[in-house]
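Asks: Data file start.cif (mmCIF, C-alpha atoms) is appended below.
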data_work
#
loop_
_atom_site.group_PDB
_atom_site.id
_atom_site.type_symbol
_atom_site.label_atom_id
_atom_site.label_comp_id
_atom_site.auth_asym_id
_atom_site.auth_seq_id
_atom_site.Cartn_x
_atom_site.Cartn_y
_atom_site.Cartn_z
ATOM 1 C CA MET L 1 -15.762 -14.713 -35.996
ATOM 2 C CA THR L 2 -17.990 -17.765 -35.536
ATOM 3 C CA LEU L 3 -16.298 -21.130 -35.950
ATOM 4 C CA THR L 4 -18.484 -23.797 -37.486
ATOM 5 C CA ALA L 5 -15.641 -26.303 -37.847
ATOM 6 C CA LEU L 6 -12.457 -26.455 -35.787
ATOM 7 C CA GLU L 7 -9.061 -26.533 -37.425
ATOM 8 C CA THR L 8 -6.206 -28.719 -36.152
ATOM 9 C CA LEU L 9 -2.723 -27.557 -35.264
ATOM 10 C CA ASP L 10 0.085 -28.547 -37.594
ATOM 11 C CA ASP L 11 3.094 -30.522 -36.346
ATOM 12 C CA THR L 12 5.178 -27.386 -35.815
ATOM 13 C CA ALA L 13 2.554 -25.808 -33.562
ATOM 14 C CA ARG L 14 2.040 -29.049 -31.644
ATOM 15 C CA ALA L 15 5.779 -29.321 -31.053
ATOM 16 C CA LEU L 16 5.999 -25.682 -29.895
ATOM 17 C CA LEU L 17 3.132 -25.979 -27.437
ATOM 18 C CA PHE L 18 3.340 -29.608 -26.348
ATOM 19 C CA THR L 19 5.734 -32.310 -27.515
ATOM 20 C CA GLU L 20 8.967 -30.280 -27.621
ATOM 21 C CA ALA L 21 8.045 -27.756 -24.921
ATOM 22 C CA ARG L 22 10.186 -27.929 -21.801
ATOM 23 C CA THR L 23 10.659 -26.291 -18.428
ATOM 24 C CA ALA L 24 13.539 -23.858 -18.822
ATOM 25 C CA ASN L 25 16.246 -23.771 -16.168
ATOM 26 C CA SER L 26 18.314 -20.920 -17.611
ATOM 27 C CA PHE L 27 17.524 -17.863 -19.694
ATOM 28 C CA ALA L 28 19.368 -15.795 -22.276
ATOM 29 C CA ASP L 29 20.309 -12.187 -21.580
ATOM 30 C CA ARG L 30 17.555 -10.986 -23.878
ATOM 31 C CA PRO L 31 14.611 -8.877 -22.749
ATOM 32 C CA VAL L 32 10.979 -9.866 -22.819
ATOM 33 C CA THR L 33 8.921 -6.947 -24.097
ATOM 34 C CA ASP L 34 5.817 -5.441 -22.566
ATOM 35 C CA ASP L 35 3.980 -6.283 -25.786
ATOM 36 C CA GLU L 36 4.886 -9.956 -25.338
ATOM 37 C CA LEU L 37 3.648 -9.914 -21.743
ATOM 38 C CA HIS L 38 0.402 -8.239 -22.784
ATOM 39 C CA GLY L 39 0.044 -10.855 -25.516
ATOM 40 C CA ILE L 40 0.537 -13.676 -23.024
ATOM 41 C CA TRP L 41 -2.290 -12.332 -20.909
ATOM 42 C CA GLU L 42 -4.544 -11.785 -23.905
ATOM 43 C CA LEU L 43 -4.331 -15.512 -24.680
ATOM 44 C CA THR L 44 -4.492 -16.635 -21.048
ATOM 45 C CA ARG L 45 -7.730 -14.821 -20.273
ATOM 46 C CA PHE L 46 -9.681 -17.054 -22.639
ATOM 47 C CA ALA L 47 -9.061 -20.112 -20.450
ATOM 48 C CA PRO L 48 -12.078 -22.141 -19.281
ATOM 49 C CA THR L 49 -13.130 -21.375 -15.704
ATOM 50 C CA MET L 50 -16.131 -22.121 -13.511
ATOM 51 C CA ALA L 51 -19.051 -19.952 -14.703
ATOM 52 C CA ASN L 52 -16.520 -17.786 -16.568
ATOM 53 C CA SER L 53 -15.314 -16.532 -13.190
ATOM 54 C CA GLN L 54 -11.740 -15.832 -14.391
ATOM 55 C CA PRO L 55 -10.029 -15.699 -10.961
ATOM 56 C CA LEU L 56 -6.431 -15.903 -12.223
ATOM 57 C CA ARG L 57 -4.356 -12.771 -11.602
ATOM 58 C CA VAL L 58 -0.760 -12.129 -12.689
ATOM 59 C CA LEU L 59 1.999 -9.919 -11.327
ATOM 60 C CA PHE L 60 4.867 -9.510 -13.812
ATOM 61 C CA VAL L 61 8.071 -8.710 -11.925
ATOM 62 C CA ARG L 62 10.650 -7.295 -14.360
ATOM 63 C CA THR L 63 12.414 -4.348 -12.712
ATOM 64 C CA ASP L 64 15.408 -4.376 -10.369
ATOM 65 C CA GLU L 65 13.223 -2.856 -7.670
ATOM 66 C CA GLY L 66 10.581 -5.547 -8.130
ATOM 67 C CA LYS L 67 13.184 -8.322 -8.050
ATOM 68 C CA ALA L 68 14.671 -6.890 -4.843
ATOM 69 C CA ARG L 69 11.254 -7.170 -3.210
ATOM 70 C CA LEU L 70 10.535 -10.636 -4.592
ATOM 71 C CA LEU L 71 13.802 -12.536 -4.203
ATOM 72 C CA PRO L 72 13.856 -12.674 -0.366
ATOM 73 C CA HIS L 73 10.639 -14.700 -0.583
ATOM 74 C CA ILE L 74 12.041 -17.261 -3.053
ATOM 75 C CA ALA L 75 13.756 -20.340 -1.624
ATOM 76 C CA GLU L 76 17.507 -19.852 -1.319
ATOM 77 C CA GLY L 77 19.743 -21.693 -3.754
ATOM 78 C CA SER L 78 18.680 -22.835 -7.203
ATOM 79 C CA ASN L 79 15.191 -21.302 -7.155
ATOM 80 C CA ARG L 80 16.384 -17.858 -6.093
ATOM 81 C CA ASN L 81 19.243 -17.915 -8.587
ATOM 82 C CA LYS L 82 16.874 -18.814 -11.431
ATOM 83 C CA ALA L 83 14.434 -16.065 -10.481
ATOM 84 C CA GLN L 84 17.221 -13.526 -10.293
ATOM 85 C CA ALA L 85 18.511 -14.465 -13.749
ATOM 86 C CA ALA L 86 15.129 -14.629 -15.493
ATOM 87 C CA PRO L 87 14.121 -11.511 -17.469
ATOM 88 C CA VAL L 88 10.604 -11.740 -16.017
ATOM 89 C CA VAL L 89 9.127 -13.553 -13.046
ATOM 90 C CA ALA L 90 5.362 -13.971 -13.113
ATOM 91 C CA VAL L 91 3.628 -14.412 -9.783
ATOM 92 C CA LEU L 92 0.382 -16.220 -10.527
ATOM 93 C CA ALA L 93 -2.361 -15.543 -8.014
ATOM 94 C CA TYR L 94 -6.050 -16.188 -7.561
ATOM 95 C CA ASP L 95 -8.626 -13.596 -6.573
ATOM 96 C CA ALA L 96 -10.471 -14.866 -3.510
ATOM 97 C CA ASP L 97 -13.213 -12.308 -4.227
ATOM 98 C CA PHE L 98 -13.640 -13.436 -7.831
ATOM 99 C CA HIS L 99 -17.430 -13.223 -7.462
ATOM 100 C CA GLU L 100 -17.257 -9.435 -7.507
ATOM 101 C CA GLN L 101 -16.339 -9.629 -11.205
ATOM 102 C CA PHE L 102 -19.473 -11.511 -12.284
ATOM 103 C CA ARG L 103 -21.085 -8.228 -13.336
ATOM 104 C CA VAL L 104 -18.415 -8.151 -16.031
ATOM 105 C CA THR L 105 -17.827 -11.847 -16.712
ATOM 106 C CA PHE L 106 -21.403 -13.194 -16.516
ATOM 107 C CA PRO L 107 -23.794 -10.219 -16.682
ATOM 108 C CA ASP L 108 -26.923 -12.311 -17.342
ATOM 109 C CA ARG L 109 -26.626 -14.027 -13.943
ATOM 110 C CA ALA L 110 -24.414 -11.527 -12.168
ATOM 111 C CA GLU L 111 -26.635 -10.628 -9.236
ATOM 112 C CA MET L 112 -27.439 -14.270 -8.473
ATOM 113 C CA PHE L 113 -23.770 -15.260 -8.527
ATOM 114 C CA VAL L 114 -22.596 -12.219 -6.577
ATOM 115 C CA LYS L 115 -25.185 -12.896 -3.890
ATOM 116 C CA SER L 116 -24.680 -16.663 -3.637
ATOM 117 C CA PHE L 117 -20.878 -16.639 -3.648
ATOM 118 C CA GLY L 118 -20.749 -13.526 -1.490
ATOM 119 C CA ALA L 119 -22.807 -15.307 1.164
ATOM 120 C CA MET L 120 -20.176 -18.046 1.427
ATOM 121 C CA PRO L 121 -17.457 -17.866 4.070
ATOM 122 C CA ALA L 122 -14.192 -16.795 2.464
ATOM 123 C CA GLU L 123 -12.612 -20.159 3.291
ATOM 124 C CA ALA L 124 -15.341 -21.942 1.300
ATOM 125 C CA ARG L 125 -14.950 -19.626 -1.682
ATOM 126 C CA GLU L 126 -11.165 -19.882 -1.808
ATOM 127 C CA PRO L 127 -10.775 -23.463 -3.160
ATOM 128 C CA ILE L 128 -13.288 -22.655 -5.924
ATOM 129 C CA SER L 129 -11.180 -19.682 -6.946
ATOM 130 C CA LYS L 130 -7.926 -21.596 -6.661
ATOM 131 C CA TYR L 131 -9.161 -24.478 -8.824
ATOM 132 C CA SER L 132 -10.316 -22.266 -11.682
ATOM 133 C CA ALA L 133 -7.077 -20.279 -11.443
ATOM 134 C CA ALA L 134 -5.186 -23.563 -11.776
ATOM 135 C CA LEU L 135 -7.115 -24.316 -14.981
ATOM 136 C CA ALA L 136 -6.113 -20.942 -16.370
ATOM 137 C CA THR L 137 -2.509 -21.492 -15.257
ATOM 138 C CA GLY L 138 -2.210 -24.348 -17.746
ATOM 139 C CA GLN L 139 -3.285 -21.980 -20.498
ATOM 140 C CA PHE L 140 -0.787 -19.411 -19.224
ATOM 141 C CA PHE L 141 2.045 -21.855 -20.014
ATOM 142 C CA LEU L 142 0.676 -22.395 -23.517
ATOM 143 C CA ALA L 143 0.438 -18.624 -24.019
ATOM 144 C CA VAL L 144 4.083 -18.187 -22.996
ATOM 145 C CA ARG L 145 5.140 -20.904 -25.456
ATOM 146 C CA ALA L 146 2.955 -19.430 -28.209
ATOM 147 C CA HIS L 147 5.063 -16.257 -27.972
ATOM 148 C CA GLY L 148 8.295 -18.159 -28.566
ATOM 149 C CA LEU L 149 9.277 -17.948 -24.905
ATOM 150 C CA ALA L 150 10.040 -20.555 -22.265
ATOM 151 C CA ALA L 151 8.536 -20.920 -18.806
ATOM 152 C CA GLY L 152 10.103 -22.238 -15.629
ATOM 153 C CA PRO L 153 7.483 -22.774 -12.901
ATOM 154 C CA MET L 154 8.644 -23.000 -9.297
ATOM 155 C CA ALA L 155 6.835 -23.943 -6.106
ATOM 156 C CA GLY L 156 9.642 -23.093 -3.668
ATOM 157 C CA PHE L 157 8.571 -19.722 -2.304
ATOM 158 C CA ASP L 158 7.033 -18.098 0.757
ATOM 159 C CA THR L 159 3.391 -17.594 -0.163
ATOM 160 C CA ALA L 160 2.561 -15.494 2.882
ATOM 161 C CA GLY L 161 5.662 -13.361 2.361
ATOM 162 C CA ILE L 162 4.858 -12.614 -1.287
ATOM 163 C CA ASP L 163 1.231 -11.879 -0.446
ATOM 164 C CA ALA L 164 2.242 -9.441 2.298
ATOM 165 C CA GLU L 165 4.841 -7.767 0.069
ATOM 166 C CA PHE L 166 2.773 -7.367 -3.100
ATOM 167 C CA PHE L 167 -0.896 -8.083 -2.391
ATOM 168 C CA ALA L 168 -1.533 -6.607 1.054
ATOM 169 C CA GLY L 169 -5.024 -5.158 1.316
ATOM 170 C CA THR L 170 -6.247 -7.089 -1.741
ATOM 171 C CA PRO L 171 -8.000 -10.467 -2.153
ATOM 172 C CA TRP L 172 -5.154 -11.762 -4.359
ATOM 173 C CA LYS L 173 -3.266 -14.825 -3.098
ATOM 174 C CA SER L 174 -0.188 -16.244 -4.812
ATOM 175 C CA HIS L 175 -0.094 -19.879 -5.872
ATOM 176 C CA LEU L 176 2.807 -20.245 -8.349
ATOM 177 C CA VAL L 177 5.953 -18.434 -9.467
ATOM 178 C CA VAL L 178 6.976 -18.729 -13.125
ATOM 179 C CA ASN L 179 10.233 -17.559 -14.677
ATOM 180 C CA ILE L 180 9.828 -16.353 -18.271
ATOM 181 C CA GLY L 181 12.351 -15.627 -20.993
ATOM 182 C CA HIS L 182 14.228 -16.882 -24.016
ATOM 183 C CA PRO L 183 16.044 -20.134 -23.165
ATOM 184 C CA GLY L 184 19.715 -19.796 -22.315
ATOM 185 C CA THR L 185 22.682 -22.141 -22.529
ATOM 186 C CA ASP L 186 21.886 -25.694 -21.393
ATOM 187 C CA ALA L 187 18.354 -24.608 -20.511
ATOM 188 C CA TRP L 188 16.897 -28.093 -20.679
ATOM 189 C CA PHE L 189 17.416 -31.100 -18.460
ATOM 190 C CA PRO L 190 17.070 -34.452 -20.249
ATOM 191 C CA ARG L 191 13.397 -35.194 -20.783
ATOM 192 C CA LEU L 192 12.051 -37.626 -18.213
ATOM 193 C CA PRO L 193 9.691 -40.455 -19.190
ATOM 194 C CA ARG L 194 5.928 -39.969 -19.423
ATOM 195 C CA VAL L 195 3.345 -42.253 -17.785
ATOM 196 C CA ASP L 196 2.430 -45.007 -20.217
ATOM 197 C CA VAL L 197 -0.942 -44.631 -21.881
ATOM 198 C CA ALA L 198 -1.993 -48.047 -20.598
ATOM 199 C CA ASP L 199 -1.564 -46.790 -17.031
ATOM 200 C CA ALA L 200 -3.184 -43.398 -17.562
ATOM 201 C CA VAL L 201 -6.128 -43.904 -19.901
ATOM 202 C CA ARG L 202 -9.249 -46.030 -19.552
ATOM 203 C CA TRP L 203 -12.235 -46.424 -21.847
ATOM 204 C CA ALA L 204 -15.898 -46.934 -21.051
#
Could you write out this file's structure as structure tokens?

Replies:
Amino acid sequence: MTLTALETLDDTARALLFTEARTANSFADRPVTDDELHGIWELTRFAPTMANSQPLRVLFVRTDEGKARLLPHIAEGSNRNKAQAAPVVAVLAYDADFHEQFRVTFPDRAEMFVKSFGAMPAEAREPISKYSAALATGQFFLAVRAHGLAAGPMAGFDTAGIDAEFFAGTPWKSHLVVNIGHPGTDAWFPRLPRVDVADAVRWA
């Protein structure tokens, strides 16, 4: 399908994705299906990234065995309790060797990109990968909401521990943990104020 004119979202869709969307702090005892998780990724992978590099990677942790491996690396207290209760915990990672995928993601310039990025030291390539993965992470949240689910991102975790446990021997590196599920009782804290437009927007 080729779009010659873009449609706009109606008020219901805008509320679902933006104005009424919240960070969930509790989840109902209701499963999230594999089809829903596949659907979340199908929407996420269309996010804008540098040269279509698509470095975001996702580990969906949803089994008791997976939780047992993950939870020791989540900060004790509220964060660990939330992760334990969530039907699914997504570990969002970035692929530090994203350039190896250019033969798939940008075939017309693949060899040039593979050679130029491959010649970089890994520490120079990493922030490029992490930034584009962060762009796609925003779309990941929208994809979760588009499936009628709530997301609860958390930064309190042991990055090195998760990487050693789940990504050893790979170029994947974790950068965010996100609880996913249907909102539970008292899932929402009161909404905090937003920065005023006068302080956040300028015109030129």

Asks: Looking at all atoms listed in the file, which of L:Gln84, L:Thr137, L:Gln101, L:Ser53 is the one that sits closest to Ala68 in chain L?

Replies: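 Among L:Gln84, L:Thr137, L:Gln101, L:Ser53, it is L:Gln84 that comes nearest to Ala68 in chain L.
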
Asks: Can you tell me how far CA of Gly118 in chain L sits from CA of Thr44 in chain L, in Å to one decimal?

Replies: 25.6 Å

Asks: Leaving out Leu16 in chain L and any residue of its chain fewer than 6 positions from it, which residues lie within 8 Å of it when counting all atoms listed in the file, given as JSON, numbers by chain?

Replies: {"L": [145, 146, 148]}

Asks: Residues at most 9 Å from Lys130 in chain L, counting all atoms listed in the file, excluding those fewer than 5 positions away in the same chain, as a PyMOL selection string?

Replies: chain L and resi 55-56+93-96+125+135+173+175

Asks: Which residues fall under the PyMOL selection byres ((chain L and resi 178) around 6) in this file, as a count of residues only?

Replies: 7

Asks: Work out how far apart CA of Ala187 in chain L and CA of Asn25 in chain L are and give it in Å to one decimal.

Replies: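 Computing the Euclidean distance for CA of Ala187 in chain L and CA of Asn25 in chain L yields 4.9 Å.
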
Asks: Record the distance separating CA of Arg194 in chain L and CA of Arg22 in chain L, expressed in Å with one decimal.

Replies: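 It comes out at 13.0 Å.
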
Asks: Report as a PyMOL selection string the residues that result from applying the PyMOL selection byres ((chain L and resi 185) around 8) to the structure here.

Replies: chain L and resi 26-28+183-184+186-187

Asks: For Ala75 in chain L, which of L:Ala122, L:Ile162, L:Val61, L:Ile128 is the closest residue, counting only C-alpha atoms?

Replies: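 Of the candidates, the smallest distance to Ala75 in chain L is held by L:Ile162.
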
Asks: Build an axis-aligned box that encloses every atom of range 2-13 of chain L listed in the file, pad it by 8 Å on each side, and report its centre and edge lengths in Å to one decimal, as JSON.

Replies:
{"center_x": -6.7, "center_y": -24.1, "center_z": -35.7, "size_x": 39.7, "size_y": 28.8, "size_z": 20.3}

Asks: Counting only C-alpha atoms, figure out which residue out of L:Ala5, L:Leu70, L:Thr19, L:Pro48 gets nearest to Asp163 in chain L.

Replies: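 The closest residue to Asp163 in chain L is L:Leu70.
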
Asks: Using the chain letters and numbers from the file, which residues does the PyMOL selection byres ((chain L and resi 158) around 8) grab, as a VMD selection string?

Replies: chain L and resid 73 to 75 156 to 157 159 to 162

Asks: Once you have the residues from the selection above, write them out as a CSV table (one decimal), keeping the file's coordinate frame, restricted to C-alpha atoms.

Replies:
chain,number,residue,atom,x,y,z
L,73,HIS,CA,10.6,-14.7,-0.6
L,74,ILE,CA,12.0,-17.3,-3.1
L,75,ALA,CA,13.8,-20.3,-1.6
L,156,GLY,CA,9.6,-23.1,-3.7
L,157,PHE,CA,8.6,-19.7,-2.3
L,159,THR,CA,3.4,-17.6,-0.2
L,160,ALA,CA,2.6,-15.5,2.9
L,161,GLY,CA,5.7,-13.4,2.4
L,162,ILE,CA,4.9,-12.6,-1.3

Asks: Write range 161-180 of chain L as an mmCIF file, in the frame of the given file, completed to N, CA, C and O atoms.

Replies:
data_model
loop_
_atom_site.group_PDB
_atom_site.id
_atom_site.type_symbol
_atom_site.label_atom_id
_atom_site.label_comp_id
_atom_site.auth_asym_id
_atom_site.auth_seq_id
_atom_site.Cartn_x
_atom_site.Cartn_y
_atom_site.Cartn_z
ATOM 1 N N GLY L 161 4.745 -14.483 2.529
ATOM 2 C CA GLY L 161 5.662 -13.361 2.361
ATOM 3 C C GLY L 161 5.380 -12.576 1.091
ATOM 4 O O GLY L 161 5.369 -11.336 1.095
ATOM 5 N N ILE L 162 5.171 -13.289 -0.014
ATOM 6 C CA ILE L 162 4.858 -12.614 -1.287
ATOM 7 C C ILE L 162 3.525 -11.885 -1.176
ATOM 8 O O ILE L 162 3.390 -10.735 -1.634
ATOM 9 N N ASP L 163 2.536 -12.525 -0.566
ATOM 10 C CA ASP L 163 1.231 -11.879 -0.446
ATOM 11 C C ASP L 163 1.319 -10.603 0.386
ATOM 12 O O ASP L 163 0.682 -9.590 0.058
ATOM 13 N N ALA L 164 2.094 -10.634 1.462
ATOM 14 C CA ALA L 164 2.242 -9.441 2.298
ATOM 15 C C ALA L 164 3.006 -8.343 1.562
ATOM 16 O O ALA L 164 2.696 -7.154 1.700
ATOM 17 N N GLU L 165 3.999 -8.737 0.771
ATOM 18 C CA GLU L 165 4.841 -7.767 0.069
ATOM 19 C C GLU L 165 4.111 -7.096 -1.090
ATOM 20 O O GLU L 165 4.237 -5.876 -1.303
ATOM 21 N N PHE L 166 3.349 -7.890 -1.862
ATOM 22 C CA PHE L 166 2.773 -7.367 -3.100
ATOM 23 C C PHE L 166 1.242 -7.229 -3.087
ATOM 24 O O PHE L 166 0.704 -6.411 -3.827
ATOM 25 N N PHE L 167 0.556 -8.040 -2.286
ATOM 26 C CA PHE L 167 -0.896 -8.083 -2.391
ATOM 27 C C PHE L 167 -1.612 -7.668 -1.114
ATOM 28 O O PHE L 167 -2.814 -7.921 -0.970
ATOM 29 N N ALA L 168 -0.911 -7.023 -0.204
ATOM 30 C CA ALA L 168 -1.533 -6.607 1.054
ATOM 31 C C ALA L 168 -2.730 -5.704 0.774
ATOM 32 O O ALA L 168 -2.685 -4.820 -0.085
ATOM 33 N N GLY L 169 -3.825 -5.965 1.489
ATOM 34 C CA GLY L 169 -5.024 -5.158 1.316
ATOM 35 C C GLY L 169 -5.859 -5.531 0.114
ATOM 36 O O GLY L 169 -6.828 -4.847 -0.213
ATOM 37 N N THR L 170 -5.490 -6.620 -0.576
ATOM 38 C CA THR L 170 -6.247 -7.089 -1.741
ATOM 39 C C THR L 170 -6.672 -8.536 -1.495
ATOM 40 O O THR L 170 -6.120 -9.217 -0.621
ATOM 41 N N PRO L 171 -7.613 -9.057 -2.289
ATOM 42 C CA PRO L 171 -8.000 -10.467 -2.153
ATOM 43 C C PRO L 171 -7.136 -11.407 -2.990
ATOM 44 O O PRO L 171 -7.471 -12.575 -3.137
ATOM 45 N N TRP L 172 -6.041 -10.915 -3.560
ATOM 46 C CA TRP L 172 -5.154 -11.762 -4.359
ATOM 47 C C TRP L 172 -4.306 -12.631 -3.448
ATOM 48 O O TRP L 172 -3.781 -12.156 -2.428
ATOM 49 N N LYS L 173 -4.115 -13.894 -3.853
ATOM 50 C CA LYS L 173 -3.266 -14.825 -3.098
ATOM 51 C C LYS L 173 -2.413 -15.611 -4.080
ATOM 52 O O LYS L 173 -2.935 -16.235 -5.015
ATOM 53 N N SER L 174 -1.111 -15.601 -3.877
ATOM 54 C CA SER L 174 -0.188 -16.244 -4.812
ATOM 55 C C SER L 174 -0.293 -17.762 -4.733
ATOM 56 O O SER L 174 -0.555 -18.323 -3.669
ATOM 57 N N HIS L 175 -0.095 -18.417 -5.894
ATOM 58 C CA HIS L 175 -0.094 -19.879 -5.872
ATOM 59 C C HIS L 175 1.005 -20.488 -6.731
ATOM 60 O O HIS L 175 1.247 -21.685 -6.636
ATOM 61 N N LEU L 176 1.710 -19.701 -7.557
ATOM 62 C CA LEU L 176 2.807 -20.245 -8.349
ATOM 63 C C LEU L 176 3.691 -19.102 -8.821
ATOM 64 O O LEU L 176 3.207 -18.000 -9.084
ATOM 65 N N VAL L 177 4.992 -19.386 -8.913
ATOM 66 C CA VAL L 177 5.953 -18.434 -9.467
ATOM 67 C C VAL L 177 6.509 -19.036 -10.750
ATOM 68 O O VAL L 177 6.876 -20.218 -10.780
ATOM 69 N N VAL L 178 6.549 -18.234 -11.824
ATOM 70 C CA VAL L 178 6.976 -18.729 -13.125
ATOM 71 C C VAL L 178 8.023 -17.795 -13.727
ATOM 72 O O VAL L 178 7.747 -16.614 -13.947
ATOM 73 N N ASN L 179 9.215 -18.322 -13.965
ATOM 74 C CA ASN L 179 10.233 -17.559 -14.677
ATOM 75 C C ASN L 179 9.923 -17.588 -16.168
ATOM 76 O O ASN L 179 9.522 -18.620 -16.706
ATOM 77 N N ILE L 180 10.155 -16.463 -16.848
ATOM 78 C CA ILE L 180 9.828 -16.353 -18.271
ATOM 79 C C ILE L 180 10.980 -15.696 -19.006
ATOM 80 O O ILE L 180 11.565 -14.715 -18.529
#
